[in-house]
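Peer 1: This one is final14.cif, mmCIF, C-alpha atoms.
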data_final
loop_
_atom_site.label_atom_id
_atom_site.label_comp_id
_atom_site.auth_asym_id
_atom_site.auth_seq_id
_atom_site.Cartn_x
_atom_site.Cartn_y
_atom_site.Cartn_z
CA MET O 239 16.73 -7.32 51.91
CA LYS O 240 16.28 -10.43 49.84
CA LEU O 241 13.09 -9.01 48.35
CA GLU O 242 14.91 -5.81 47.23
CA ILE O 243 17.66 -7.83 45.51
CA ARG O 244 15.13 -9.95 43.62
CA THR O 245 13.26 -6.86 42.47
CA LEU O 246 16.45 -5.25 41.16
CA THR O 247 17.37 -8.44 39.31
CA LEU O 248 14.02 -8.59 37.57
CA ILE O 249 14.30 -4.94 36.47
CA LEU O 250 17.81 -5.54 35.14
CA CYS O 251 16.68 -8.62 33.17
CA ALA O 252 13.82 -6.65 31.61
CA ALA O 253 16.24 -3.93 30.52
CA LEU O 254 18.62 -6.46 28.98
CA THR O 255 15.75 -8.03 27.06
CA LEU O 256 14.94 -4.68 25.46
CA VAL O 257 18.56 -3.77 24.67
CA THR O 258 19.15 -7.05 22.86
CA ALA O 259 15.80 -7.01 21.10
CA CYS O 260 17.39 -5.95 17.82
CA GLN O 261 18.81 -9.46 17.59
CA GLN O 262 15.61 -11.34 18.38
CA THR O 263 11.86 -10.99 18.51
CA LEU O 264 10.75 -9.17 21.66
CA SER O 265 7.96 -10.89 23.58
CA PRO O 266 5.23 -8.57 24.88
CA SER O 267 5.69 -7.68 28.53
CA GLU O 268 2.92 -5.16 29.08
CA ASP O 269 -0.17 -5.95 31.09
CA PRO O 270 -2.67 -6.24 29.53
CA GLN O 271 -0.93 -7.94 26.58
CA PRO O 272 -0.39 -5.49 23.70
CA SER O 273 -2.19 -5.96 20.39
CA VAL O 274 -0.71 -7.89 17.47
CA VAL O 275 0.54 -5.86 14.49
CA ASP O 276 -1.52 -6.29 11.34
CA PHE O 277 -1.98 -4.25 8.18
CA ARG O 278 -4.64 -2.54 6.11
CA ALA O 279 -2.99 -2.60 2.71
CA SER O 280 -3.98 -0.52 -0.28
CA SER O 281 -2.79 0.06 -3.83
CA GLN O 282 -1.48 3.31 -5.23
CA ALA O 283 -3.53 2.54 -8.35
CA THR O 284 -5.75 5.49 -9.25
CA TRP O 285 -8.59 3.48 -10.71
CA VAL O 286 -11.71 5.06 -12.14
CA LYS O 287 -15.02 4.57 -10.39
CA SER O 288 -16.15 1.78 -12.68
CA ALA O 289 -12.94 -0.24 -12.36
CA SER O 290 -13.17 -3.49 -10.43
CA THR O 291 -9.45 -4.29 -10.18
CA THR O 292 -8.12 -4.82 -6.64
CA PHE O 293 -4.80 -5.94 -5.18
CA SER O 294 -5.84 -9.58 -5.41
CA ASP O 295 -5.51 -9.16 -9.19
CA TYR O 296 -1.83 -8.44 -8.57
CA HIS O 297 -0.78 -10.69 -5.69
CA SER O 298 -2.22 -12.66 -2.80
CA ASP O 299 0.42 -11.77 -0.21
CA PHE O 300 3.46 -9.64 0.54
CA GLY O 301 6.62 -9.73 2.62
CA VAL O 302 7.39 -7.17 5.31
CA TRP O 303 10.30 -6.12 7.54
CA GLY O 304 9.79 -3.88 10.53
CA ILE O 305 11.57 -2.22 13.43
CA ALA O 306 10.39 -0.20 16.44
CA ARG O 307 12.41 2.37 18.38
CA GLN O 308 12.12 4.24 21.66
CA GLY O 309 15.19 6.28 22.49
CA ASN O 310 18.15 3.88 22.41
CA LEU O 311 15.92 0.80 22.56
CA THR O 312 15.12 -1.10 19.35
CA TYR O 313 12.64 -3.88 18.76
CA ASN O 314 13.24 -5.84 15.55
CA LEU O 315 9.70 -7.05 14.98
CA TRP O 316 10.47 -10.39 13.41
CA GLY O 317 14.03 -10.88 14.61
CA TYR O 318 15.95 -10.98 11.33
CA ASN O 319 17.34 -8.78 8.55
CA THR O 320 17.78 -11.14 5.61
CA THR O 321 14.27 -12.59 5.41
CA LEU O 322 10.89 -10.92 5.08
CA VAL O 323 7.95 -12.28 7.05
CA GLN O 324 4.98 -13.37 4.96
CA VAL O 325 1.73 -11.42 5.33
CA THR O 326 -1.56 -12.95 4.18
CA LYS O 327 -5.19 -11.87 4.15
CA ASN O 328 -7.53 -13.25 6.81
CA ALA O 329 -11.30 -13.67 6.90
CA SER O 330 -11.70 -10.11 8.24
CA ASN O 331 -9.86 -8.67 5.22
CA SER O 332 -6.88 -7.66 7.34
CA TYR O 333 -3.36 -8.65 6.30
CA VAL O 334 -1.72 -10.57 9.13
CA PRO O 335 1.96 -11.62 9.43
CA THR O 336 2.53 -15.35 9.86
CA VAL O 337 4.71 -14.52 12.89
CA ASP O 338 3.27 -12.24 15.57
CA ALA O 339 4.73 -8.85 16.45
CA TYR O 340 3.22 -6.41 18.94
CA TRP O 341 2.32 -2.76 19.37
CA LEU O 342 4.38 -1.43 22.30
CA SER O 343 3.46 1.91 23.84
CA GLY O 344 5.88 4.75 23.20
CA TYR O 345 7.68 3.13 20.26
CA VAL O 346 7.90 4.50 16.69
CA TYR O 347 7.51 1.75 14.06
CA ASN O 348 8.98 1.60 10.56
CA PHE O 349 7.90 -0.90 7.89
CA LEU O 350 9.32 -1.84 4.47
CA ALA O 351 7.38 -4.26 2.26
CA VAL O 352 7.47 -5.97 -1.14
CA ALA O 353 4.71 -7.83 -2.97
CA PRO O 354 4.55 -10.69 -3.67
CA TYR O 355 6.27 -12.62 -0.92
CA ASN O 356 9.18 -14.94 -1.77
CA ASP O 357 9.02 -14.56 -5.55
CA SER O 358 11.59 -16.65 -7.44
CA GLY O 359 13.01 -13.57 -9.19
CA MET O 360 14.10 -11.94 -5.94
CA SER O 361 17.49 -12.59 -4.34
CA SER O 362 20.10 -11.10 -1.99
CA ILE O 363 17.52 -9.63 0.39
CA LEU O 364 18.98 -7.43 3.14
CA ALA O 365 17.32 -4.96 5.49
CA THR O 366 19.75 -2.42 6.93
CA PRO O 367 18.48 -0.53 10.00
CA ALA O 368 19.28 3.18 10.22
CA VAL O 369 22.23 3.91 12.50
CA THR O 370 21.44 7.59 13.11
CA SER O 371 18.36 9.79 13.20
CA GLU O 372 19.55 11.39 9.95
CA THR O 373 19.37 8.15 7.96
CA GLU O 374 16.60 5.74 6.99
CA ASP O 375 16.11 1.99 7.17
CA VAL O 376 16.80 0.46 3.75
CA LEU O 377 15.52 -2.75 2.17
CA LYS O 378 17.89 -4.02 -0.53
CA PHE O 379 17.42 -6.87 -3.00
CA ASN O 380 18.05 -7.91 -6.60
CA TYR O 381 15.27 -8.74 -9.03
CA ASP O 382 15.63 -10.71 -12.29
CA LEU O 383 12.76 -10.77 -14.81
CA THR O 384 14.43 -13.34 -17.08
CA SER O 385 12.31 -16.28 -15.92
CA LYS O 386 9.12 -14.28 -16.53
CA TYR O 387 10.16 -13.22 -20.03
CA THR O 388 11.35 -16.71 -21.07
CA ALA O 389 8.56 -18.83 -19.57
CA THR O 390 6.66 -21.18 -21.88
CA THR O 391 3.91 -18.60 -21.71
CA PRO O 392 5.85 -15.35 -21.28
CA ILE O 393 4.71 -12.92 -18.60
CA TYR O 394 5.42 -9.37 -19.69
CA THR O 395 3.23 -7.65 -17.09
CA PHE O 396 4.54 -9.18 -13.87
CA ASP O 397 4.18 -6.39 -11.32
CA LEU O 398 6.51 -5.97 -8.34
CA LEU O 399 5.13 -3.63 -5.68
CA GLY O 400 6.79 -1.87 -2.75
CA ALA O 401 5.70 0.09 0.31
CA ALA O 402 7.19 2.00 3.23
CA ALA O 403 5.52 3.44 6.33
CA GLU O 404 6.37 5.08 9.63
CA THR O 405 4.11 5.54 12.66
CA ASP O 406 3.90 8.23 15.27
CA PRO O 407 4.82 7.03 18.77
CA ILE O 408 2.36 4.29 19.65
CA THR O 409 -0.15 5.21 22.32
CA GLY O 410 -1.25 2.60 24.83
CA GLY O 411 -3.83 0.10 23.71
CA ARG O 412 -3.49 0.56 19.92
CA THR O 413 -5.71 -1.94 18.11
CA ASP O 414 -6.16 -0.45 14.62
CA SER O 415 -4.34 -1.84 11.60
CA GLN O 416 -1.31 -0.18 10.03
CA ASP O 417 -1.86 1.35 6.59
CA LEU O 418 0.53 0.26 3.84
CA LYS O 419 0.21 1.78 0.37
CA PHE O 420 1.98 -0.17 -2.38
CA TRP O 421 3.62 1.39 -5.44
CA HIS O 422 4.90 -0.11 -8.70
CA LEU O 423 8.64 -0.81 -8.59
CA PHE O 424 9.00 -1.44 -12.33
CA SER O 425 8.68 0.88 -15.32
CA GLN O 426 6.13 0.15 -18.04
CA ILE O 427 6.64 0.49 -21.80
CA ASN O 428 4.04 0.66 -24.58
CA LEU O 429 5.07 0.82 -28.24
CA THR O 430 3.11 1.85 -31.31
CA ILE O 431 4.96 1.63 -34.64
CA LYS O 432 3.43 2.98 -37.83
CA PHE O 433 4.29 4.49 -41.22
CA GLY O 434 4.33 8.14 -42.21
CA LYS O 435 4.37 9.92 -45.60
CA ASP O 436 6.67 9.35 -48.55
CA GLY O 437 8.47 12.06 -50.56
CA ALA O 438 5.29 12.77 -52.54
CA ASN O 439 3.32 13.21 -49.31
CA ASN O 440 1.48 9.95 -49.83
CA GLY O 441 1.02 7.44 -47.07
CA ILE O 442 3.71 4.73 -47.12
CA ASN O 443 2.21 1.35 -48.00
CA GLY O 444 3.90 -0.94 -45.54
CA LYS O 445 3.52 -3.53 -42.82
CA VAL O 446 5.25 -4.01 -39.50
CA LYS O 447 6.02 -7.72 -39.61
CA ALA O 448 7.70 -8.26 -36.23
CA ILE O 449 9.04 -6.37 -33.22
CA ARG O 450 11.93 -7.55 -31.03
CA PHE O 451 12.41 -5.81 -27.70
CA SER O 452 15.46 -6.67 -25.55
CA PRO O 453 15.72 -4.90 -22.18
CA GLU O 454 18.16 -5.57 -19.37
CA PRO O 455 16.21 -7.99 -17.14
CA LYS O 456 18.00 -7.57 -13.80
CA ALA O 457 18.54 -4.72 -11.35
CA SER O 458 19.31 -3.99 -7.73
CA PHE O 459 16.67 -2.17 -5.69
CA GLU O 460 16.89 -0.08 -2.53
CA ILE O 461 13.63 0.98 -0.85
CA SER O 462 13.40 3.43 2.05
CA TYR O 463 10.78 5.60 3.69
CA ASP O 464 10.57 9.18 2.37
CA SER O 465 10.64 11.16 5.60
CA SER O 466 10.58 14.45 3.66
CA SER O 467 7.05 13.82 2.38
CA THR O 468 4.03 14.96 4.31
CA GLU O 469 1.63 12.88 2.21
CA ASP O 470 0.24 9.81 3.94
CA GLY O 471 1.30 6.70 2.02
CA ALA O 472 3.66 8.64 -0.24
CA GLN O 473 5.81 6.77 -2.71
CA PRO O 474 8.92 5.41 -0.99
CA ILE O 475 12.39 6.42 -2.10
CA ILE O 476 13.36 3.84 -4.75
CA ASN O 477 16.93 3.61 -6.00
CA THR O 478 17.80 1.15 -8.76
CA ALA O 479 20.87 0.10 -10.71
CA VAL O 480 20.96 -2.25 -13.70
CA ILE O 481 22.96 -5.46 -13.30
CA THR O 482 24.25 -5.94 -16.84
CA GLN O 483 23.75 -9.39 -18.39
CA THR O 484 25.95 -10.90 -21.09
CA GLN O 485 22.85 -12.17 -22.90
CA LYS O 486 19.55 -10.36 -22.70
CA PRO O 487 16.19 -12.06 -23.33
CA VAL O 488 14.49 -11.19 -26.61
CA LEU O 489 10.79 -10.39 -26.40
CA GLU O 490 9.49 -11.07 -29.91
CA PHE O 491 6.07 -10.06 -31.22
CA THR O 492 4.71 -11.09 -34.64
CA THR O 493 2.41 -8.35 -35.93
CA ASN O 494 1.95 -8.17 -39.76
CA VAL O 495 -0.13 -4.98 -39.65
CA ALA O 496 0.31 -1.43 -40.95
CA GLU O 497 0.21 -0.04 -37.41
CA ALA O 498 1.50 -2.33 -34.67
CA SER O 499 1.08 -1.88 -30.93
CA VAL O 500 2.78 -4.00 -28.27
CA GLY O 501 2.63 -3.65 -24.53
CA PRO O 502 2.34 -3.12 -21.74
CA ILE O 503 5.82 -4.50 -21.05
CA ASN O 504 7.11 -4.15 -17.49
CA ILE O 505 10.86 -3.70 -17.14
CA VAL O 506 13.34 -3.03 -14.35
CA PRO O 507 14.16 0.71 -14.37
CA GLN O 508 17.03 1.41 -16.77
CA ALA O 509 18.23 3.85 -19.41
CA PRO O 510 16.67 3.66 -22.91
CA ALA O 511 20.18 3.05 -24.27
CA ASN O 512 20.16 -0.34 -22.51
CA ILE O 513 17.32 -1.59 -24.71
CA LEU O 514 17.72 -3.09 -28.18
CA LEU O 515 14.65 -2.54 -30.36
CA GLU O 516 14.51 -4.16 -33.80
CA VAL O 517 11.61 -3.96 -36.24
CA ASP O 518 11.05 -6.03 -39.39
CA ILE O 519 9.03 -4.16 -42.01
CA THR O 520 7.85 -4.65 -45.59
CA ILE O 521 7.29 -1.66 -47.87
CA GLN O 522 5.25 -2.07 -51.06
CA GLU O 523 7.17 0.13 -53.48
CA ASP O 524 4.84 -0.48 -56.44
CA ALA O 525 2.18 -2.93 -57.56
CA VAL O 526 4.66 -5.81 -57.90
CA THR O 527 7.66 -4.89 -55.73
CA ALA O 528 7.81 -5.31 -51.97
CA VAL O 529 11.06 -4.72 -50.07
CA ASP O 530 11.88 -6.14 -46.64
CA TYR O 531 13.91 -4.16 -44.09
CA THR O 532 15.13 -4.73 -40.55
CA LEU O 533 15.48 -1.50 -38.60
CA THR O 534 17.37 -1.03 -35.35
CA ILE O 535 15.64 1.77 -33.47
CA ASP O 536 17.59 3.73 -30.86
CA LEU O 537 15.16 4.67 -28.10
CA ASN O 538 17.82 6.94 -26.69
CA ALA O 539 17.41 9.11 -29.79
CA ALA O 540 14.03 10.21 -28.47
CA GLN O 541 16.04 12.23 -25.91
CA ALA O 542 13.52 11.53 -23.18
CA PRO O 543 13.71 10.17 -20.63
CA GLU O 544 17.32 9.76 -19.54
CA LYS O 545 16.22 6.84 -17.39
CA TYR O 546 12.94 5.02 -16.91
CA LEU O 547 11.70 5.41 -13.34
CA SER O 548 9.70 3.16 -11.04
CA ASN O 549 5.93 3.69 -11.11
CA ASN O 550 6.07 5.50 -14.46
CA LYS O 551 4.56 4.54 -17.81
CA TYR O 552 6.23 5.43 -21.12
CA ASN O 553 4.17 5.44 -24.33
CA TYR O 554 6.12 5.56 -27.59
CA THR O 555 4.60 6.31 -30.98
CA ILE O 556 7.32 5.61 -33.55
CA THR O 557 6.74 6.73 -37.13
CA ILE O 558 8.75 5.31 -40.02
CA GLY O 559 9.15 7.81 -42.85
CA THR O 560 11.00 8.00 -46.16
CA LYS O 561 14.40 6.27 -46.29
CA ALA O 562 13.54 4.65 -42.94
CA ALA O 563 13.71 7.99 -41.10
CA ILE O 564 12.39 7.60 -37.55
CA THR O 565 10.43 10.13 -35.52
CA PHE O 566 9.28 9.74 -31.93
CA ASP O 567 6.33 10.91 -29.90
CA VAL O 568 6.83 10.01 -26.24
CA SER O 569 4.40 10.54 -23.39
CA VAL O 570 5.23 9.87 -19.76
CA ASN O 571 2.73 9.58 -16.96
CA ASN O 572 2.16 7.97 -13.61
CA TRP O 573 1.47 4.24 -13.97
CA GLU O 574 -2.25 4.81 -13.50
CA THR O 575 -4.03 7.69 -15.26
CA PRO O 576 -6.86 9.09 -13.13
CA GLU O 577 -10.25 9.83 -14.63
CA GLY O 578 -12.82 11.45 -12.41
CA GLU O 579 -12.90 10.81 -8.69
CA ILE O 580 -10.15 8.48 -7.46
CA PRO O 581 -11.30 5.96 -4.85
CA GLU O 582 -9.06 4.20 -2.36
CA ILE O 583 -8.50 0.60 -3.40
CA ASP O 584 -8.37 -2.04 -0.70
CA MET O 585 -5.96 -4.88 -1.38
#
What does the file become when written as structure tokens?
Peer 2:
Amino acid sequence: MKLEIRTLTLILCAALTLVTACQQTLSPSEDPQPSVVDFRASSQATWVKSASTTFSDYHSDFGVWGIARQGNLTYNLWGYNTTLVQVTKNASNSYVPTVDAYWLSGYVYNFLAVAPYNDSGMSSILATPAVTSETEDVLKFNYDLTSKYTATTPIYTFDLLGAAAETDPITGGRTDSQDLKFWHLFSQINLTIKFGKDGANNGINGKVKAIRFSPEPKASFEISYDSSSTEDGAQPIINTAVITQTQKPVLEFTTNVAEASVGPINIVPQAPANILLEVDITIQEDAVTAVDYTLTIDLNAAQAPEKYLSNNKYNYTITIGTKAAITFDVSVNNWETPEGEIPEIDM
């Protein structure tokens, strides 16, 4: 009789451990001990064959949040919702969390990740687990590019990456790494400003002296797994909203050329109307007379896009014509433009 009571007590304790696992890291209880979760990370970048760029050219680590479910049981892999666990590359080229989590048979795992880990621009991090089968886990945070734009040596191409993944139910003895494909969370802008023809159909003799570009630097992000996609490693669902600042940073470029190009400039996703673009020009009206102008260019007048989106690149060619008339040529494409066969890029 005593033996039966002890057995029942042990079973009850094991069940309680699993039920409360969403509040703490669950220790492995299977025999043999289950394998540790690690990652095989890759970039969405569609590089050409000759390209040598890898994820290490972006970042050296990333932060991840994860949860596992089996029926009504949940296993919060690293025991918290407001902090991401750091993941770093080991000697075997696998990305390993600094705190162990385990593959448990029968569980479905969901992961949300951001690269790099613990960047100074990120704040208000919160992972919200799904409460029904009809909803998704969501990773929320704010990101502010101000410190990158205003550094002693400004960084206009800082690249924030995000990933989301879901597994099938884990079968016993899983030892392979989990794939994570990272996507660009920012939008990218390239500007070319040049002169067109005058009233007599002659080329305007002018110079673009300086360009000032002032985007909103801060936005809130929500990242979730896109369960509607059948593509492995598909882009996560990314929702953003600008957090308006009373004073925006001014990105100033001195050019002094007839055709000026600036970029790439990475920005938080926002509407073109949020951005102030000013251009200083000089037009040589005759052999002895040069006139200086400052133009305010409304990117919203291009009528496309309504909003810049994550993982998209926007290339503007802006032509200045007679009486400072402005025309736009805008192309939009995925951040990377494929040429030829697209290899998978290990991070």
Peer 1: Please report, as JSON lines, each residue of stretch 476-579 of chain O lying at most 9 Å from stretch 424-433 of chain O, together with the nearest pair of atoms and the separation in Å rounded to one decimal; use only C-alpha atoms, and order rows by chain and ascending residue number.
Peer 2:
{"residue": "O:Val495", "atom": "CA", "partner": "O:Lys432", "partner_atom": "CA", "distance": 8.9}
{"residue": "O:Ala496", "atom": "CA", "partner": "O:Lys432", "partner_atom": "CA", "distance": 6.2}
{"residue": "O:Glu497", "atom": "CA", "partner": "O:Lys432", "partner_atom": "CA", "distance": 4.4}
{"residue": "O:Ala498", "atom": "CA", "partner": "O:Ile431", "partner_atom": "CA", "distance": 5.3}
{"residue": "O:Ser499", "atom": "CA", "partner": "O:Thr430", "partner_atom": "CA", "distance": 4.3}
{"residue": "O:Val500", "atom": "CA", "partner": "O:Leu429", "partner_atom": "CA", "distance": 5.3}
{"residue": "O:Gly501", "atom": "CA", "partner": "O:Asn428", "partner_atom": "CA", "distance": 4.5}
{"residue": "O:Pro502", "atom": "CA", "partner": "O:Asn428", "partner_atom": "CA", "distance": 5.0}
{"residue": "O:Ile503", "atom": "CA", "partner": "O:Ile427", "partner_atom": "CA", "distance": 5.1}
{"residue": "O:Asn504", "atom": "CA", "partner": "O:Gln426", "partner_atom": "CA", "distance": 4.4}
{"residue": "O:Ile505", "atom": "CA", "partner": "O:Ser425", "partner_atom": "CA", "distance": 5.4}
{"residue": "O:Val506", "atom": "CA", "partner": "O:Phe424", "partner_atom": "CA", "distance": 5.0}
{"residue": "O:Pro507", "atom": "CA", "partner": "O:Ser425", "partner_atom": "CA", "distance": 5.6}
{"residue": "O:Gln508", "atom": "CA", "partner": "O:Ser425", "partner_atom": "CA", "distance": 8.5}
{"residue": "O:Val517", "atom": "CA", "partner": "O:Ile431", "partner_atom": "CA", "distance": 8.8}
{"residue": "O:Tyr546", "atom": "CA", "partner": "O:Ser425", "partner_atom": "CA", "distance": 6.1}
{"residue": "O:Leu547", "atom": "CA", "partner": "O:Ser425", "partner_atom": "CA", "distance": 5.8}
{"residue": "O:Ser548", "atom": "CA", "partner": "O:Phe424", "partner_atom": "CA", "distance": 4.8}
{"residue": "O:Asn549", "atom": "CA", "partner": "O:Ser425", "partner_atom": "CA", "distance": 5.8}
{"residue": "O:Asn550", "atom": "CA", "partner": "O:Ser425", "partner_atom": "CA", "distance": 5.4}
{"residue": "O:Lys551", "atom": "CA", "partner": "O:Gln426", "partner_atom": "CA", "distance": 4.7}
{"residue": "O:Tyr552", "atom": "CA", "partner": "O:Ile427", "partner_atom": "CA", "distance": 5.0}
{"residue": "O:Asn553", "atom": "CA", "partner": "O:Asn428", "partner_atom": "CA", "distance": 4.8}
{"residue": "O:Tyr554", "atom": "CA", "partner": "O:Leu429", "partner_atom": "CA", "distance": 4.9}
{"residue": "O:Thr555", "atom": "CA", "partner": "O:Thr430", "partner_atom": "CA", "distance": 4.7}
{"residue": "O:Ile556", "atom": "CA", "partner": "O:Ile431", "partner_atom": "CA", "distance": 4.8}
{"residue": "O:Thr557", "atom": "CA", "partner": "O:Lys432", "partner_atom": "CA", "distance": 5.1}
{"residue": "O:Ile558", "atom": "CA", "partner": "O:Phe433", "partner_atom": "CA", "distance": 4.7}
{"residue": "O:Gly559", "atom": "CA", "partner": "O:Phe433", "partner_atom": "CA", "distance": 6.1}
{"residue": "O:Trp573", "atom": "CA", "partner": "O:Gln426", "partner_atom": "CA", "distance": 7.4}
Peer 1: Return as a list in words the set of residues that the PyMOL selection byres ((chain O and resi 337-352) around 6) yields on the displayed structure.
Peer 2: Pro272, Ser273, Val274, Val275, Phe300, Gly301, Val302, Trp303, Gly304, Ile305, Ala306, Arg307, Gln308, Leu315, Pro335, Thr336, Ala353, Leu399, Gly400, Ala401, Ala402, Ala403, Glu404, Thr405, Asp406, Pro407, Ile408, Thr409 and Gly410 of chain O
Peer 1: From the list O:Glu544, O:Asp276, O:Glu523, O:Asp382, which residue is nearest O:Gly441 when using all atoms listed in the file?
Peer 2: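 Among the listed residues, O:Glu523 lies closest to O:Gly441.
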Peer 1: Using all atoms listed in the file, which of O:Ala562, O:Leu515, O:Ala365, O:Leu423 sits nearest O:Trp316?
Peer 2: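 Counting all atoms listed in the file, the residue closest to O:Trp316 is O:Ala365.
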Peer 1: Atom CA of O:Gly444 and atom CA of O:Gln522, how far apart in Å?
Peer 2: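 These two atoms are separated by 5.8 Å.
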Peer 1: Evaluating the PyMOL selection byres ((chain O and resi 378) around 6) on the displayed file yields which residues, as an mmCIF file with C-alpha atoms, keeping the file's coordinate frame?
Peer 2:
data_model
loop_
_atom_site.group_PDB
_atom_site.id
_atom_site.type_symbol
_atom_site.label_atom_id
_atom_site.label_comp_id
_atom_site.auth_asym_id
_atom_site.auth_seq_id
_atom_site.Cartn_x
_atom_site.Cartn_y
_atom_site.Cartn_z
ATOM 1 C CA ILE O 363 17.520 -9.630 0.390
ATOM 2 C CA LEU O 364 18.980 -7.430 3.140
ATOM 3 C CA LEU O 377 15.520 -2.750 2.170
ATOM 4 C CA PHE O 379 17.420 -6.870 -3.000
ATOM 5 C CA PHE O 459 16.670 -2.170 -5.690
ATOM 6 C CA GLU O 460 16.890 -0.080 -2.530
#
Peer 1: Atom CA of O:Ile519 and atom CA of O:Gln541 are how many Å apart?
Peer 2: 24.0 Å
Peer 1: Once the PyMOL selection byres ((chain O and resi 327) around 12) is applied to the coordinates I shared, what remains selected? I want it as a PyMOL selection string.
Peer 2: chain O and resi 276-279+293-294+297-300+324-326+328-336+584-585
Peer 1: Given only C-alpha atoms as the basis, pick out the residue of O:Ile393, O:Ile461, O:Leu533, O:Ala509 nearest to O:Val480.
Peer 2: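 Of O:Ile393, O:Ile461, O:Leu533, O:Ala509, the one nearest O:Val480 is O:Ala509, counting only C-alpha atoms.
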Peer 1: Can you work out the spacing between atom CA of O:Glu469 and atom CA of O:Val323 in Å, to one decimal?
Peer 2: 26.4 Å
Peer 1: May I ask which of the residues O:Gln416, O:Ser385, O:Asn310, O:Ser358 is the closest one to O:Thr370, counting all atoms listed in the file?
Peer 2: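 Ranking O:Gln416, O:Ser385, O:Asn310, O:Ser358 by distance to O:Thr370, first place goes to O:Asn310.
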Peer 1: With only C-alpha atoms as the atoms that count, which of O:Gly411, O:Pro354, O:Pro510, O:Pro453 lies nearest to O:Thr482?
Peer 2: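 Result for the nearest residue to O:Thr482: O:Pro453.
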Peer 1: Measuring between all atoms listed in the file, which one of O:Thr312, O:Gln473, O:Thr373, O:Asn494 shows the shortest distance to O:His422?
Peer 2: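 Closest candidate: O:Gln473.
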Peer 1: Please return as a list of chain:residue names every residue within 12 Å of (25.9, -14.4, -19.3), taking into account all atoms listed in the file and the file's own coordinates.
Peer 2: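 Selection result: O:Thr384, O:Glu454, O:Pro455, O:Lys456, O:Ile481, O:Thr482, O:Gln483, O:Thr484, O:Gln485, O:Lys486, O:Pro487.
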